[in-house]
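K.L.:
Got a file for you: structure.pdb, PDB, C-alpha atoms.
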```pdb
ATOM      1  CA  MET I1497     -28.081   3.748 -10.009
ATOM      2  CA  ALA I1498     -24.371   3.339  -9.310
ATOM      3  CA  ALA I1499     -22.993  -0.182  -9.127
ATOM      4  CA  LYS I1500     -22.131  -1.411  -5.644
ATOM      5  CA  GLN I1501     -18.456  -1.518  -4.753
ATOM      6  CA  LYS I1502     -17.238  -5.091  -4.319
ATOM      7  CA  ILE I1503     -15.321  -6.363  -1.296
ATOM      8  CA  LEU I1504     -13.556  -9.738  -1.285
ATOM      9  CA  ILE I1505     -13.386 -11.091   2.284
ATOM     10  CA  ILE I1506     -10.597 -13.647   2.801
ATOM     11  CA  ASP I1507     -10.735 -15.342   6.209
ATOM     12  CA  ASP I1508     -10.567 -18.988   7.248
ATOM     13  CA  ASP I1509     -12.944 -18.313  10.166
ATOM     14  CA  ASN I1510     -16.297 -18.375   8.396
ATOM     15  CA  ASN I1511     -18.143 -16.930  11.405
ATOM     16  CA  ILE I1512     -15.958 -13.810  11.373
ATOM     17  CA  ALA I1513     -16.197 -13.581   7.574
ATOM     18  CA  GLU I1514     -20.013 -13.793   7.685
ATOM     19  CA  LEU I1515     -20.138 -11.105  10.364
ATOM     20  CA  ILE I1516     -17.912  -8.779   8.304
ATOM     21  CA  SER I1517     -20.057  -9.485   5.245
ATOM     22  CA  LEU I1518     -23.186  -8.551   7.222
ATOM     23  CA  TYR I1519     -21.660  -5.204   8.315
ATOM     24  CA  LEU I1520     -20.619  -4.336   4.763
ATOM     25  CA  THR I1521     -23.830  -5.509   3.094
ATOM     26  CA  LYS I1522     -25.769  -3.188   5.422
ATOM     27  CA  GLU I1523     -23.551  -0.362   4.126
ATOM     28  CA  CYS I1524     -24.500  -1.238   0.516
ATOM     29  CA  PHE I1525     -21.318  -3.079  -0.483
ATOM     30  CA  GLU I1526     -21.381  -6.301  -2.474
ATOM     31  CA  THR I1527     -19.317  -8.996  -0.749
ATOM     32  CA  LYS I1528     -17.862 -12.404  -1.469
ATOM     33  CA  ILE I1529     -16.233 -14.738   1.070
ATOM     34  CA  VAL I1530     -13.350 -17.145   0.485
ATOM     35  CA  ASN I1531     -11.630 -19.208   3.171
ATOM     36  CA  ASP I1532      -8.116 -19.909   1.909
ATOM     37  CA  GLY I1533      -5.289 -18.229  -0.001
ATOM     38  CA  GLU I1534      -5.401 -20.362  -3.133
ATOM     39  CA  GLN I1535      -9.125 -19.774  -3.566
ATOM     40  CA  ALA I1536      -8.570 -16.055  -2.920
ATOM     41  CA  LEU I1537      -6.115 -15.739  -5.817
ATOM     42  CA  LYS I1538      -8.554 -17.492  -8.180
ATOM     43  CA  GLU I1539     -11.567 -15.499  -7.022
ATOM     44  CA  PHE I1540      -9.668 -12.199  -7.216
ATOM     45  CA  HIS I1541      -9.564 -12.445 -11.026
ATOM     46  CA  ILE I1542     -13.175 -13.663 -11.312
ATOM     47  CA  PHE I1543     -14.875 -11.324  -8.816
ATOM     48  CA  GLN I1544     -12.667  -8.292  -9.604
ATOM     49  CA  PRO I1545     -13.158  -6.615  -6.212
ATOM     50  CA  ASP I1546     -12.673  -2.932  -5.449
ATOM     51  CA  LEU I1547     -11.001  -3.842  -2.136
ATOM     52  CA  LEU I1548      -9.714  -6.926  -0.275
ATOM     53  CA  LEU I1549     -10.081  -7.657   3.425
ATOM     54  CA  LEU I1550      -7.270 -10.144   3.912
ATOM     55  CA  ASP I1551      -6.682 -12.282   7.000
ATOM     56  CA  LEU I1552      -3.019 -13.193   7.488
ATOM     57  CA  MET I1553      -3.384 -16.635   9.051
ATOM     58  CA  LEU I1554      -4.767 -18.711   6.177
ATOM     59  CA  PRO I1555      -4.348 -22.411   5.420
ATOM     60  CA  GLY I1556      -1.919 -23.189   2.595
ATOM     61  CA  ILE I1557      -0.949 -19.838   1.081
ATOM     62  CA  ASP I1558      -0.899 -17.259   3.899
ATOM     63  CA  GLY I1559      -2.098 -13.670   3.690
ATOM     64  CA  TYR I1560       1.385 -12.238   3.184
ATOM     65  CA  GLN I1561       1.905 -14.406   0.095
ATOM     66  CA  VAL I1562      -1.575 -13.571  -1.248
ATOM     67  CA  CYS I1563      -0.741  -9.867  -0.914
ATOM     68  CA  ARG I1564       2.631 -10.372  -2.618
ATOM     69  CA  GLU I1565       1.048 -12.252  -5.558
ATOM     70  CA  ILE I1566      -1.705  -9.672  -6.077
ATOM     71  CA  ARG I1567       0.756  -6.777  -5.955
ATOM     72  CA  HIS I1568       2.609  -8.256  -8.940
ATOM     73  CA  THR I1569      -0.356  -7.393 -11.166
ATOM     74  CA  SER I1570      -2.664  -4.996  -9.321
ATOM     75  CA  ASP I1571      -2.707  -2.030  -6.940
ATOM     76  CA  VAL I1572      -6.271  -2.773  -5.731
ATOM     77  CA  PRO I1573      -6.616  -1.639  -2.082
ATOM     78  CA  ILE I1574      -5.849  -4.285   0.566
ATOM     79  CA  ILE I1575      -6.681  -4.079   4.275
ATOM     80  CA  MET I1576      -4.950  -6.797   6.296
ATOM     81  CA  LEU I1577      -6.757  -8.333   9.265
ATOM     82  CA  SER I1578      -4.797 -10.081  12.001
ATOM     83  CA  ALA I1579      -4.761 -11.066  15.643
ATOM     84  CA  LYS I1580      -1.040 -10.232  15.542
ATOM     85  CA  GLY I1581      -0.460  -6.749  16.920
ATOM     86  CA  GLU I1582       3.323  -6.630  16.915
ATOM     87  CA  THR I1583       4.941  -3.741  15.048
ATOM     88  CA  PHE I1584       7.002  -6.184  12.952
ATOM     89  CA  ASP I1585       3.843  -7.817  11.550
ATOM     90  CA  LYS I1586       2.281  -4.442  10.724
ATOM     91  CA  VAL I1587       5.444  -3.178   9.057
ATOM     92  CA  LEU I1588       5.799  -6.366   7.002
ATOM     93  CA  GLY I1589       2.189  -6.130   5.841
ATOM     94  CA  LEU I1590       2.559  -2.491   4.807
ATOM     95  CA  GLU I1591       5.924  -3.211   3.224
ATOM     96  CA  LEU I1592       4.362  -5.893   1.011
ATOM     97  CA  GLY I1593       1.851  -3.360  -0.275
ATOM     98  CA  ALA I1594      -1.121  -3.393   2.111
ATOM     99  CA  ASP I1595      -2.962  -0.079   2.454
ATOM    100  CA  ASP I1596      -4.090  -0.575   6.039
ATOM    101  CA  TYR I1597      -3.775  -3.068   8.900
ATOM    102  CA  MET I1598      -6.454  -3.848  11.493
ATOM    103  CA  ILE I1599      -5.994  -5.918  14.640
ATOM    104  CA  LYS I1600      -8.692  -8.398  15.678
ATOM    105  CA  PRO I1601     -11.024  -8.002  17.412
ATOM    106  CA  PHE I1602     -12.133  -4.722  15.843
ATOM    107  CA  ASP I1603     -15.200  -2.523  16.017
ATOM    108  CA  SER I1604     -17.583  -2.913  13.073
ATOM    109  CA  LYS I1605     -17.982   0.851  12.644
ATOM    110  CA  GLU I1606     -14.214   1.338  12.530
ATOM    111  CA  LEU I1607     -13.897  -1.419   9.909
ATOM    112  CA  VAL I1608     -16.512   0.221   7.673
ATOM    113  CA  ALA I1609     -14.884   3.649   8.182
ATOM    114  CA  ARG I1610     -11.458   2.318   7.188
ATOM    115  CA  VAL I1611     -12.878   0.549   4.133
ATOM    116  CA  ARG I1612     -14.481   3.808   2.989
ATOM    117  CA  ALA I1613     -11.315   5.830   3.721
ATOM    118  CA  VAL I1614      -9.057   3.471   1.753
ATOM    119  CA  LEU I1615     -11.505   3.396  -1.184
ATOM    120  CA  ARG I1616     -11.660   7.222  -1.178
ATOM    121  CA  ARG I1617      -7.870   7.512  -1.307
ATOM    122  CA  PHE I1618      -7.646   4.980  -4.118
ATOM    123  CA  LYS I1619     -10.332   6.813  -6.120
ATOM    124  CA  VAL I1620      -8.425  10.094  -5.775
ATOM    125  CA  LYS I1621      -5.334   8.497  -7.345
ATOM    126  CA  GLN I1622      -7.189   7.044 -10.332
ATOM    127  CA  PRO I1623      -7.957  10.173 -12.476
ATOM    128  CA  ALA I1624      -4.228  10.874 -12.967
ATOM    129  CA  ALA I1625      -4.180   9.397 -16.474
ATOM    130  CA  VAL I1626      -7.155  11.523 -17.524
ATOM    131  CA  SER I1627      -5.909  14.829 -16.125
ATOM    132  CA  GLY I1628      -2.438  14.341 -17.588
ATOM    133  CA  GLU I1629       0.538  12.126 -17.003
ATOM    134  CA  LYS I1630       2.059  12.315 -13.528
ATOM    135  CA  SER I1631       5.772  11.975 -14.033
ATOM    136  CA  VAL I1632       9.001  13.503 -12.732
ATOM    137  CA  SER I1633      12.384  13.233 -14.420
ATOM    138  CA  TYR I1634      15.973  13.815 -13.375
ATOM    139  CA  PRO I1635      19.226  12.746 -15.048
ATOM    140  CA  ASP I1636      19.068   8.931 -15.447
ATOM    141  CA  LEU I1637      15.798   8.712 -13.467
ATOM    142  CA  THR I1638      12.130   8.934 -14.490
ATOM    143  CA  ILE I1639       9.291   8.127 -12.079
ATOM    144  CA  ASN I1640       5.873   7.768 -13.704
ATOM    145  CA  LEU I1641       2.931   7.568 -11.300
ATOM    146  CA  THR I1642       0.388   7.234 -14.115
ATOM    147  CA  ASN I1643       1.588   3.825 -15.247
ATOM    148  CA  TYR I1644       3.561   2.990 -12.062
ATOM    149  CA  SER I1645       6.947   2.666 -13.712
ATOM    150  CA  VAL I1646      10.474   3.736 -12.788
ATOM    151  CA  THR I1647      13.282   4.014 -15.323
ATOM    152  CA  TYR I1648      16.788   4.227 -13.841
ATOM    153  CA  MET I1649      20.004   4.326 -15.860
ATOM    154  CA  GLY I1650      18.079   3.361 -18.987
ATOM    155  CA  ARG I1651      16.353   0.295 -17.542
ATOM    156  CA  GLN I1652      12.993  -0.337 -15.896
ATOM    157  CA  VAL I1653      13.123  -1.044 -12.159
ATOM    158  CA  ASP I1654      10.443  -3.190 -10.519
ATOM    159  CA  MET I1655       9.137  -1.920  -7.197
ATOM    160  CA  PRO I1656       5.960  -2.307  -5.130
ATOM    161  CA  PRO I1657       3.355   0.496  -5.371
ATOM    162  CA  LYS I1658       4.162   2.027  -1.969
ATOM    163  CA  GLU I1659       7.896   2.235  -2.732
ATOM    164  CA  LEU I1660       7.157   3.935  -6.039
ATOM    165  CA  GLU I1661       4.662   6.345  -4.450
ATOM    166  CA  LEU I1662       7.181   7.279  -1.756
ATOM    167  CA  LEU I1663       9.923   7.912  -4.323
ATOM    168  CA  TYR I1664       7.554   9.947  -6.519
ATOM    169  CA  PHE I1665       6.337  12.018  -3.562
ATOM    170  CA  LEU I1666       9.868  12.915  -2.459
ATOM    171  CA  ALA I1667      11.106  13.564  -6.012
ATOM    172  CA  SER I1668       8.075  15.798  -6.703
ATOM    173  CA  SER I1669       9.260  18.173  -3.972
ATOM    174  CA  PRO I1670      13.043  18.315  -4.453
ATOM    175  CA  ASN I1671      15.117  19.487  -1.486
ATOM    176  CA  GLN I1672      12.055  19.622   0.782
ATOM    177  CA  VAL I1673      12.496  17.756   4.067
ATOM    178  CA  PHE I1674       9.656  15.505   5.251
ATOM    179  CA  THR I1675       9.355  13.868   8.659
ATOM    180  CA  ARG I1676       8.562  10.156   8.840
ATOM    181  CA  GLU I1677       5.121  11.037  10.210
ATOM    182  CA  GLN I1678       4.416  13.317   7.227
ATOM    183  CA  LEU I1679       5.498  10.599   4.804
ATOM    184  CA  LEU I1680       3.261   8.031   6.511
ATOM    185  CA  ASP I1681       0.342  10.435   6.342
ATOM    186  CA  HIS I1682       0.901  11.268   2.665
ATOM    187  CA  ILE I1683       1.691   7.788   1.364
ATOM    188  CA  TRP I1684      -0.430   5.566   3.592
ATOM    189  CA  GLY I1685      -3.063   8.228   4.149
ATOM    190  CA  TYR I1686      -3.587   7.767   7.861
ATOM    191  CA  GLU I1687      -1.758   8.080  11.154
ATOM    192  CA  TYR I1688      -0.113   4.676  11.373
ATOM    193  CA  ILE I1689      -0.407   3.362  14.923
ATOM    194  CA  GLY I1690       3.015   2.108  15.939
ATOM    195  CA  ASP I1691       6.513   3.302  15.222
ATOM    196  CA  THR I1692       7.664   4.811  11.928
ATOM    197  CA  ARG I1693      10.022   1.972  10.987
ATOM    198  CA  THR I1694       7.990   1.247   7.844
ATOM    199  CA  VAL I1695       9.307   4.478   6.266
ATOM    200  CA  ASP I1696      12.905   3.518   7.064
ATOM    201  CA  VAL I1697      12.353   0.060   5.555
ATOM    202  CA  HIS I1698      10.982   1.548   2.325
ATOM    203  CA  ILE I1699      13.827   4.084   2.056
ATOM    204  CA  LYS I1700      16.369   1.286   2.597
ATOM    205  CA  ARG I1701      14.791  -0.753  -0.209
ATOM    206  CA  LEU I1702      14.707   2.244  -2.535
ATOM    207  CA  ARG I1703      18.404   2.886  -1.909
ATOM    208  CA  GLU I1704      19.182  -0.724  -2.812
ATOM    209  CA  LYS I1705      17.488  -0.224  -6.190
ATOM    210  CA  ILE I1706      18.243   3.461  -6.896
ATOM    211  CA  LYS I1707      21.829   4.408  -6.075
ATOM    212  CA  ASP I1708      22.827   8.031  -5.420
ATOM    213  CA  HIS I1709      23.583  10.021  -8.574
ATOM    214  CA  PRO I1710      25.968  12.967  -9.034
ATOM    215  CA  ALA I1711      22.900  15.147  -9.714
ATOM    216  CA  TRP I1712      20.552  13.845  -7.002
ATOM    217  CA  SER I1713      20.226  11.529  -4.005
ATOM    218  CA  LEU I1714      17.814  10.164  -1.409
ATOM    219  CA  SER I1715      19.166  11.921   1.657
ATOM    220  CA  THR I1716      18.637  11.417   5.384
ATOM    221  CA  VAL I1717      18.201  14.590   7.417
ATOM    222  CA  TRP I1718      19.292  13.362  10.817
ATOM    223  CA  GLY I1719      16.751  13.853  13.571
ATOM    224  CA  ILE I1720      14.050  14.948  11.123
ATOM    225  CA  GLY I1721      13.404  12.656   8.160
ATOM    226  CA  TYR I1722      14.220  12.409   4.455
ATOM    227  CA  LYS I1723      14.447  14.477   1.295
ATOM    228  CA  PHE I1724      15.131  14.013  -2.415
ATOM    229  CA  GLU I1725      18.216  16.190  -2.749
ATOM    230  CA  VAL I1726      18.962  17.805  -6.081
ATOM    231  CA  LYS I1727      22.580  18.903  -6.201
ATOM    232  CA  SER I1728      23.561  22.208  -7.713
ATOM    233  CA  LYS I1729      26.061  22.145 -10.571
TER
END
```
The structure in this file should be written as structure tokens.
P.N.:
Amino acid sequence: MAAKQKILIIDDDNNIAELISLYLTKECFETKIVNDGEQALKEFHIFQPDLLLLDLMLPGIDGYQVCREIRHTSDVPIIMLSAKGETFDKVLGLELGADDYMIKPFDSKELVARVRAVLRRFKVKQPAAVSGEKSVSYPDLTINLTNYSVTYMGRQVDMPPKELELLYFLASSPNQVFTREQLLDHIWGYEYIGDTRTVDVHIKRLREKIKDHPAWSLSTVWGIGYKFEVKSK
């Protein structure tokens, strides 16, 4: 019998957390509830969850900081939960490395469906190391999706998982133009409800870390989207 997948529920409203736990337990997940950010960071290492449901408004360390801390060491899936529905809050959450963002109140069936969808996408990414190293290289740039590393001009560059995945995706299809919607669908794996500013934010951050090279560049195709342009000699 397969082990149950573990979900860490982080919410300072215990009534909501218990309700979420009930939904997920019925769907054969193992759950654990914590009510503040500091406890969440401790329990993350003890419980070793397969996915986090992370409320943003937490006492002490808020959900954004919890996400930031976890992303320093792990790419475990994170779904943010918030009563804040503004585009800025969604973009910030995704920018920090969240895999999905749900606005309270939400339907229990939709929550379970999104949990399953995010876990499926994460599982698909995992066999990369077994099937062979996923890496692309250009002059002075190597992007390795197997161990989530980027080497630029001979040095390792730190970047969040979503930035690295976006760079790898574009560099894997040189000179192919992708719309913002296509990039959202490929990298975040779902039709993000809201505007596409999150893609622009990630491209801007990549350009701050990876400057254009005589042999290649991260190029904007005005009115359409972006491409990793490889320049002919």
K.L.:
Would you pick out the contacts of range 1565-1567 of chain I at 12 Å or less, using only C-alpha atoms, so that residues sharing its chain but fewer than 4 positions from it are not included, and give the list as an MDAnalysis selection string?
P.N.:
chainID I and resid 1533:1534 1536:1541 1544:1545 1547:1548 1550 1557:1561 1571:1574 1589:1595 1644 1654:1659
K.L.:
Using only C-alpha atoms, which of I:Phe1543, I:Trp1712, I:Trp1684, I:Trp1718 sits nearest Asp1636 in chain I?
P.N.:
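The answer is I:Trp1712, which sits nearest to Asp1636 in chain I.
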K.L.:
Step by step, work through what the PyMOL selection byres ((chain I and resi 1652) around 12) selects in the shown file, and finish by giving those residues as an MDAnalysis selection string.
P.N.:
chainID I and resid 1636:1640 1644:1651 1653:1655 1705:1706
K.L.:
Give one line per residue of range 1540-1634 of chain I that approaches range 1517-1521 of chain I to at most 9 Å, naming the two atoms of the closest pair and their distance in Å to one decimal, counting all atoms listed in the file; sort by chain then ascending residue number and deliver it as a Markdown table.
P.N.:
```
| residue | atom | partner | partner_atom | distance |
| --- | --- | --- | --- | --- |
| I:Ser1604 | CA | I:Tyr1519 | CA | 6.7 |
| I:Lys1605 | CA | I:Tyr1519 | CA | 8.3 |
| I:Leu1607 | CA | I:Tyr1519 | CA | 8.8 |
| I:Val1608 | CA | I:Leu1520 | CA | 6.8 |
```
K.L.:
Point out the residue among I:Ile1683, I:Arg1693, I:Asn1643, I:Thr1675 with the least atom-to-atom distance to Gly1721 in chain I, counting all atoms listed in the file.
P.N.:
I:Thr1675
